[in-house]
Amino acid sequence: MSQTDGRISMPEGYLKELKRSEERKAEILKYLQEYFPDQAKIIFEAGCGHGHWLTSYAMENLKQNCLGIDLIAGRVDKANKKKEKRNLDNLHFLKAELGEFLEVLPKEITFEAVVFLFPDPWPKARHHKKRMIQSSLLEKLASRMEKDGLFYFRTDDRSYFDWTVEHLNQSKFWKIREEADWLHEEVTYFQNLMEGYFSVVGEVQ
Ligand SMILES: C[S@@+](CC[C@H](N)C(=O)[O-])C[C@H]1O[C@@H](n2cnc3c(N)ncnc32)[C@H](O)[C@@H]1O
């Protein structure tokens, strides 16, 4: 931020990024309004990668709306190819950043379940703020779900697992469901690369 003749001006790069973000959010909203024009309940996967898990889930649950988002266009393209090959009308993949997506998500669209599979662990302490799971995110997700809505999280990274359990335990919006079954088993691209993993299920309270 700089100041000239009493007026505050923002750096050009910042303003450009702000504009790009507004454009991305407008695209996300347009997509959501086109595919979910009315009230809709969805199974939502954040960071869906190549779409292995959600495609398999959607094939077995044809009456449920499924939506996966990912930051990387190439991964979303691969996911959409899976959807097209199987002709699945109940399945959607969208290139979107989670924070921007939640900012523009219409109130009529709510989540039945949210799923995080092998999200980037950001192992260094100074990078923990970049992890998708944060207290603010858990609050936002809960606000878009009914009581009993479920949160499924799986990672190969012990520290990220502990972090997520701690955040769920500390959140007044969630409780951990110790006995809950996993929603659906299908090996994802990243799961296939890992030797093991940890899973936790949360429920809106
Ligand atoms: C390690 S990969 C796991 C992909 C997939 N879930 C799997 O198990 O194969 C993490 C994915 O999250 C996506 N991602 C990271 N941060 C994101 C964000 N803020 N919003 C949307 N996607 C994000 C990345 O682009 C990447 O595809």
# chains A, B, ... in the order shown; residues from 1 in each chain; ligands from 1
$ residues_near_ligand --ligand "ligand 1" --cutoff "8 Å" --atoms "only C-alpha atoms and all ligand atoms" --output "ChimeraX atom specification"
/A:46-53,69-72,75,95-99,116-121,131-132,187-192
$ residues_around --residues "Asn90 (chain A)" --least-positions-apart "4" --cutoff "9 Å" --atoms "only C-alpha atoms" --output "NGL selection string"
:A and (58-59 or 61-67)
$ write_last_selection --atoms "all heavy atoms" --output "tab-separated table (two decimals), in the first residue's frame"
chain	number	residue	atom	x	y	z
A	58	ALA	N	-20.08	-41.81	-7.17
A	58	ALA	CA	-21.25	-41.37	-7.95
A	58	ALA	C	-21.87	-42.52	-8.73
A	58	ALA	O	-23.09	-42.60	-8.89
A	58	ALA	CB	-20.85	-40.24	-8.90
A	59	MET	N	-21.02	-43.43	-9.21
A	59	MET	CA	-21.55	-44.59	-9.96
A	59	MET	C	-22.42	-45.47	-9.08
A	59	MET	O	-23.40	-46.05	-9.53
A	59	MET	CB	-20.38	-45.43	-10.50
A	59	MET	CG	-19.79	-44.84	-11.76
A	59	MET	SD	-18.25	-45.66	-12.20
A	59	MET	CE	-18.84	-47.26	-12.66
A	61	ASN	N	-24.04	-44.38	-6.40
A	61	ASN	CA	-25.08	-43.57	-5.73
A	61	ASN	C	-25.67	-42.59	-6.74
A	61	ASN	O	-25.50	-41.38	-6.64
A	61	ASN	CB	-24.46	-42.82	-4.54
A	61	ASN	CG	-23.94	-43.77	-3.48
A	61	ASN	OD1	-24.69	-44.24	-2.64
A	61	ASN	ND2	-22.65	-44.07	-3.55
A	62	LEU	N	-26.38	-43.15	-7.71
A	62	LEU	CA	-26.84	-42.35	-8.84
A	62	LEU	C	-27.84	-41.27	-8.46
A	62	LEU	O	-28.03	-40.31	-9.21
A	62	LEU	CB	-27.43	-43.27	-9.92
A	62	LEU	CG	-26.41	-44.18	-10.59
A	62	LEU	CD1	-27.10	-45.21	-11.47
A	62	LEU	CD2	-25.39	-43.38	-11.39
A	63	LYS	N	-28.48	-41.41	-7.30
A	63	LYS	CA	-29.48	-40.41	-6.92
A	63	LYS	C	-28.87	-39.26	-6.15
A	63	LYS	O	-29.56	-38.31	-5.78
A	63	LYS	CB	-30.57	-41.08	-6.07
A	63	LYS	CG	-31.40	-42.03	-6.92
A	63	LYS	CD	-32.79	-42.21	-6.36
A	63	LYS	CE	-33.62	-42.99	-7.35
A	63	LYS	NZ	-34.19	-44.18	-6.78
A	64	GLN	N	-27.59	-39.34	-5.84
A	64	GLN	CA	-26.96	-38.25	-5.08
A	64	GLN	C	-26.17	-37.34	-6.01
A	64	GLN	O	-25.49	-37.81	-6.93
A	64	GLN	CB	-26.04	-38.83	-4.01
A	64	GLN	CG	-26.81	-39.30	-2.79
A	64	GLN	CD	-25.90	-39.84	-1.72
A	64	GLN	OE1	-25.09	-40.73	-1.97
A	64	GLN	NE2	-26.03	-39.33	-0.52
A	65	ASN	N	-26.25	-36.02	-5.75
A	65	ASN	CA	-25.43	-35.07	-6.49
A	65	ASN	C	-24.03	-35.07	-5.91
A	65	ASN	O	-23.86	-34.96	-4.69
A	65	ASN	CB	-25.97	-33.64	-6.29
A	65	ASN	CG	-27.29	-33.44	-6.96
A	65	ASN	OD1	-27.42	-33.73	-8.15
A	65	ASN	ND2	-28.26	-32.94	-6.22
A	66	CYS	N	-23.04	-35.17	-6.79
A	66	CYS	CA	-21.66	-35.20	-6.32
A	66	CYS	C	-20.87	-34.09	-7.01
A	66	CYS	O	-20.96	-33.94	-8.23
A	66	CYS	CB	-21.01	-36.53	-6.68
A	66	CYS	SG	-21.89	-37.95	-5.99
A	67	LEU	N	-20.09	-33.36	-6.24
A	67	LEU	CA	-19.29	-32.27	-6.81
A	67	LEU	C	-17.89	-32.31	-6.22
A	67	LEU	O	-17.71	-32.32	-5.00
A	67	LEU	CB	-19.94	-30.91	-6.50
A	67	LEU	CG	-19.13	-29.67	-6.87
A	67	LEU	CD1	-18.90	-29.56	-8.37
A	67	LEU	CD2	-19.81	-28.40	-6.37
$ atom_distance --atom1 "CA of Ala73 (chain A)" --atom2 "CA of Phe111 (chain A)"
23.2 Å
$ select_by_dssp --residues "region 54-171 of chain A" --states "helix (DSSP H, G or I)" --output "PyMOL selection string"
chain A and resi 54-60+73-86+98-104+125-130+135-143+158-170
$ write_last_selection --atoms "C-alpha atoms" --output "short mmCIF file (atom, residue, chain, number, x, y, z; two decimals), in the first residue's frame"
data_model
loop_
_atom_site.label_atom_id
_atom_site.label_comp_id
_atom_site.auth_asym_id
_atom_site.auth_seq_id
_atom_site.Cartn_x
_atom_site.Cartn_y
_atom_site.Cartn_z
CA LEU A 54 -15.90 -39.35 -6.42
CA THR A 55 -16.47 -41.04 -9.79
CA SER A 56 -16.64 -44.42 -8.11
CA TYR A 57 -18.94 -43.03 -5.40
CA ALA A 58 -21.25 -41.37 -7.95
CA MET A 59 -21.55 -44.59 -9.96
CA GLU A 60 -22.82 -46.43 -6.90
CA ALA A 73 -7.02 -27.66 -14.35
CA GLY A 74 -5.28 -30.77 -15.75
CA ARG A 75 -6.55 -32.88 -12.85
CA VAL A 76 -10.10 -31.56 -13.24
CA ASP A 77 -9.93 -32.35 -16.99
CA LYS A 78 -8.94 -35.94 -16.21
CA ALA A 79 -11.78 -36.18 -13.68
CA ASN A 80 -14.28 -34.82 -16.22
CA LYS A 81 -13.13 -37.41 -18.77
CA LYS A 82 -14.01 -40.15 -16.24
CA LYS A 83 -17.45 -38.58 -15.76
CA GLU A 84 -18.07 -38.33 -19.52
CA LYS A 85 -16.88 -41.85 -20.24
CA ARG A 86 -19.42 -43.18 -17.73
CA LEU A 98 -11.79 -24.01 -1.86
CA GLY A 99 -11.91 -20.57 -0.20
CA GLU A 100 -13.19 -18.86 -3.36
CA PHE A 101 -15.70 -21.65 -3.93
CA LEU A 102 -17.16 -21.31 -0.43
CA GLU A 103 -17.36 -17.51 -0.78
CA VAL A 104 -19.75 -17.74 -3.72
CA ALA A 125 5.34 -25.64 10.98
CA ARG A 126 5.62 -22.27 9.23
CA HIS A 127 3.40 -23.63 6.44
CA HIS A 128 0.65 -25.09 8.65
CA LYS A 129 -1.46 -22.02 7.95
CA LYS A 130 -1.66 -23.21 4.33
CA SER A 135 -10.89 -23.72 12.47
CA SER A 136 -12.44 -21.12 10.16
CA LEU A 137 -12.96 -23.73 7.42
CA LEU A 138 -14.60 -26.19 9.82
CA GLU A 139 -17.00 -23.45 10.89
CA LYS A 140 -17.83 -22.53 7.28
CA LEU A 141 -18.41 -26.16 6.29
CA ALA A 142 -20.68 -26.78 9.29
CA SER A 143 -22.71 -23.69 8.41
CA ARG A 158 0.50 -38.37 10.95
CA SER A 159 1.01 -34.71 11.87
CA TYR A 160 -1.82 -33.56 9.60
CA PHE A 161 -4.06 -36.29 10.98
CA ASP A 162 -3.36 -35.17 14.59
CA TRP A 163 -3.92 -31.55 13.55
CA THR A 164 -7.33 -32.40 12.07
CA VAL A 165 -8.42 -34.48 15.08
CA GLU A 166 -7.38 -31.61 17.36
CA HIS A 167 -9.26 -29.04 15.26
CA LEU A 168 -12.40 -31.21 15.26
CA ASN A 169 -12.13 -31.73 19.02
CA GLN A 170 -11.71 -28.01 19.63
#
$ closest_residue --among "A:Glu17, A:Glu185, A:Asp38, A:Glu112" --to "Gly149 (chain A)" --atoms "only C-alpha atoms"
A:Glu112
$ select_by_dssp --residues "region 21-100 of chain A" --states "strand (DSSP E)" --output "ChimeraX atom specification"
/A:40-46,65-70,91-95
$ atom_distance --atom1 "CA of His92 (chain A)" --atom2 "CA of Leu150 (chain A)"
19.7 Å
$ closest_residue --among "A:Lys16, A:Phe36, A:Val115, A:Leu29" --to "Gly68 (chain A)" --atoms "only C-alpha atoms"
A:Val115
$ atom_distance --atom1 "CA of Phe44 (chain A)" --atom2 "CA of Thr110 (chain A)"
9.2 Å
$ decode --residues "region 139-172 of chain A" --atoms "N, CA, C and O atoms" --output "mmCIF file, in the first residue's frame"
data_model
loop_
_atom_site.group_PDB
_atom_site.id
_atom_site.type_symbol
_atom_site.label_atom_id
_atom_site.label_comp_id
_atom_site.auth_asym_id
_atom_site.auth_seq_id
_atom_site.Cartn_x
_atom_site.Cartn_y
_atom_site.Cartn_z
ATOM 1 N N GLU A 139 -15.782 -24.226 10.578
ATOM 2 C CA GLU A 139 -16.998 -23.451 10.889
ATOM 3 C C GLU A 139 -17.815 -23.192 9.618
ATOM 4 O O GLU A 139 -19.033 -23.370 9.601
ATOM 5 N N LYS A 140 -17.117 -22.809 8.546
ATOM 6 C CA LYS A 140 -17.830 -22.533 7.279
ATOM 7 C C LYS A 140 -18.522 -23.789 6.752
ATOM 8 O O LYS A 140 -19.660 -23.741 6.292
ATOM 9 N N LEU A 141 -17.815 -24.922 6.797
ATOM 10 C CA LEU A 141 -18.411 -26.160 6.290
ATOM 11 C C LEU A 141 -19.655 -26.518 7.106
ATOM 12 O O LEU A 141 -20.703 -26.844 6.551
ATOM 13 N N ALA A 142 -19.537 -26.424 8.430
ATOM 14 C CA ALA A 142 -20.678 -26.783 9.290
ATOM 15 C C ALA A 142 -21.873 -25.892 9.000
ATOM 16 O O ALA A 142 -23.022 -26.340 9.051
ATOM 17 N N SER A 143 -21.604 -24.627 8.667
ATOM 18 C CA SER A 143 -22.706 -23.687 8.414
ATOM 19 C C SER A 143 -23.468 -24.044 7.137
ATOM 20 O O SER A 143 -24.569 -23.565 6.911
ATOM 21 N N ARG A 144 -22.870 -24.883 6.293
ATOM 22 C CA ARG A 144 -23.527 -25.287 5.055
ATOM 23 C C ARG A 144 -24.063 -26.711 5.122
ATOM 24 O O ARG A 144 -24.370 -27.323 4.105
ATOM 25 N N MET A 145 -24.144 -27.241 6.353
ATOM 26 C CA MET A 145 -24.601 -28.627 6.506
ATOM 27 C C MET A 145 -25.659 -28.698 7.574
ATOM 28 O O MET A 145 -25.748 -27.825 8.435
ATOM 29 N N GLU A 146 -26.453 -29.780 7.501
ATOM 30 C CA GLU A 146 -27.411 -29.997 8.580
ATOM 31 C C GLU A 146 -26.698 -30.707 9.714
ATOM 32 O O GLU A 146 -25.608 -31.263 9.526
ATOM 33 N N LYS A 147 -27.372 -30.659 10.891
ATOM 34 C CA LYS A 147 -26.875 -31.448 12.006
ATOM 35 C C LYS A 147 -26.766 -32.892 11.526
ATOM 36 O O LYS A 147 -27.593 -33.332 10.735
ATOM 37 N N ASP A 148 -25.767 -33.605 11.934
ATOM 38 C CA ASP A 148 -25.501 -34.986 11.495
ATOM 39 C C ASP A 148 -24.748 -35.055 10.162
ATOM 40 O O ASP A 148 -24.419 -36.152 9.715
ATOM 41 N N GLY A 149 -24.541 -33.911 9.500
ATOM 42 C CA GLY A 149 -23.739 -33.933 8.271
ATOM 43 C C GLY A 149 -22.348 -34.460 8.605
ATOM 44 O O GLY A 149 -21.844 -34.255 9.712
ATOM 45 N N LEU A 150 -21.730 -35.143 7.657
ATOM 46 C CA LEU A 150 -20.475 -35.838 7.975
ATOM 47 C C LEU A 150 -19.262 -35.276 7.224
ATOM 48 O O LEU A 150 -19.379 -34.775 6.097
ATOM 49 N N PHE A 151 -18.126 -35.391 7.871
ATOM 50 C CA PHE A 151 -16.836 -34.891 7.377
ATOM 51 C C PHE A 151 -15.876 -36.077 7.352
ATOM 52 O O PHE A 151 -15.686 -36.746 8.377
ATOM 53 N N TYR A 152 -15.335 -36.365 6.190
ATOM 54 C CA TYR A 152 -14.419 -37.504 6.054
ATOM 55 C C TYR A 152 -13.041 -36.980 5.664
ATOM 56 O O TYR A 152 -12.920 -36.253 4.668
ATOM 57 N N PHE A 153 -12.046 -37.368 6.441
ATOM 58 C CA PHE A 153 -10.687 -36.868 6.200
ATOM 59 C C PHE A 153 -9.721 -38.046 6.236
ATOM 60 O O PHE A 153 -9.750 -38.847 7.173
ATOM 61 N N ARG A 154 -8.881 -38.129 5.226
ATOM 62 C CA ARG A 154 -7.883 -39.221 5.178
ATOM 63 C C ARG A 154 -6.544 -38.653 4.705
ATOM 64 O O ARG A 154 -6.502 -37.870 3.751
ATOM 65 N N THR A 155 -5.476 -39.051 5.399
ATOM 66 C CA THR A 155 -4.134 -38.578 5.035
ATOM 67 C C THR A 155 -3.112 -39.646 5.372
ATOM 68 O O THR A 155 -3.343 -40.484 6.251
ATOM 69 N N ASP A 156 -1.958 -39.581 4.691
ATOM 70 C CA ASP A 156 -0.846 -40.465 5.051
ATOM 71 C C ASP A 156 0.055 -39.782 6.078
ATOM 72 O O ASP A 156 0.978 -40.388 6.587
ATOM 73 N N ASP A 157 -0.205 -38.507 6.367
ATOM 74 C CA ASP A 157 0.691 -37.690 7.193
ATOM 75 C C ASP A 157 0.186 -37.644 8.648
ATOM 76 O O ASP A 157 -0.860 -37.062 8.924
ATOM 77 N N ARG A 158 0.944 -38.248 9.557
ATOM 78 C CA ARG A 158 0.504 -38.366 10.952
ATOM 79 C C ARG A 158 0.265 -36.979 11.582
ATOM 80 O O ARG A 158 -0.690 -36.769 12.320
ATOM 81 N N SER A 159 1.145 -36.039 11.260
ATOM 82 C CA SER A 159 1.012 -34.714 11.871
ATOM 83 C C SER A 159 -0.276 -34.002 11.394
ATOM 84 O O SER A 159 -0.970 -33.352 12.176
ATOM 85 N N TYR A 160 -0.598 -34.188 10.116
ATOM 86 C CA TYR A 160 -1.825 -33.556 9.597
ATOM 87 C C TYR A 160 -3.068 -34.246 10.176
ATOM 88 O O TYR A 160 -4.082 -33.612 10.472
ATOM 89 N N PHE A 161 -2.955 -35.557 10.363
ATOM 90 C CA PHE A 161 -4.062 -36.291 10.982
ATOM 91 C C PHE A 161 -4.310 -35.760 12.405
ATOM 92 O O PHE A 161 -5.441 -35.421 12.771
ATOM 93 N N ASP A 162 -3.220 -35.659 13.201
ATOM 94 C CA ASP A 162 -3.356 -35.172 14.586
ATOM 95 C C ASP A 162 -3.925 -33.752 14.601
ATOM 96 O O ASP A 162 -4.749 -33.405 15.439
ATOM 97 N N TRP A 163 -3.455 -32.942 13.668
ATOM 98 C CA TRP A 163 -3.917 -31.548 13.549
ATOM 99 C C TRP A 163 -5.431 -31.518 13.319
ATOM 100 O O TRP A 163 -6.177 -30.768 13.954
ATOM 101 N N THR A 164 -5.899 -32.402 12.423
ATOM 102 C CA THR A 164 -7.328 -32.402 12.071
ATOM 103 C C THR A 164 -8.170 -32.909 13.239
ATOM 104 O O THR A 164 -9.223 -32.332 13.550
ATOM 105 N N VAL A 165 -7.696 -33.964 13.900
ATOM 106 C CA VAL A 165 -8.416 -34.481 15.078
ATOM 107 C C VAL A 165 -8.506 -33.374 16.133
ATOM 108 O O VAL A 165 -9.583 -33.131 16.708
ATOM 109 N N GLU A 166 -7.399 -32.674 16.356
ATOM 110 C CA GLU A 166 -7.379 -31.605 17.363
ATOM 111 C C GLU A 166 -8.355 -30.478 16.984
ATOM 112 O O GLU A 166 -9.094 -29.982 17.826
ATOM 113 N N HIS A 167 -8.355 -30.112 15.703
ATOM 114 C CA HIS A 167 -9.265 -29.042 15.263
ATOM 115 C C HIS A 167 -10.731 -29.468 15.399
ATOM 116 O O HIS A 167 -11.577 -28.653 15.753
ATOM 117 N N LEU A 168 -11.016 -30.735 15.102
ATOM 118 C CA LEU A 168 -12.402 -31.212 15.264
ATOM 119 C C LEU A 168 -12.783 -31.212 16.741
ATOM 120 O O LEU A 168 -13.874 -30.778 17.122
ATOM 121 N N ASN A 169 -11.847 -31.680 17.586
ATOM 122 C CA ASN A 169 -12.135 -31.733 19.025
ATOM 123 C C ASN A 169 -12.344 -30.336 19.605
ATOM 124 O O ASN A 169 -13.137 -30.150 20.518
ATOM 125 N N GLN A 170 -11.615 -29.369 19.074
ATOM 126 C CA GLN A 170 -11.713 -28.010 19.628
ATOM 127 C C GLN A 170 -12.890 -27.218 19.054
ATOM 128 O O GLN A 170 -13.232 -26.161 19.562
ATOM 129 N N SER A 171 -13.472 -27.727 17.994
ATOM 130 C CA SER A 171 -14.540 -26.976 17.339
ATOM 131 C C SER A 171 -15.889 -27.232 18.013
ATOM 132 O O SER A 171 -16.263 -28.380 18.244
ATOM 133 N N LYS A 172 -16.597 -26.157 18.282
ATOM 134 C CA LYS A 172 -17.930 -26.361 18.879
ATOM 135 C C LYS A 172 -18.952 -26.818 17.824
ATOM 136 O O LYS A 172 -20.065 -27.193 18.163
#
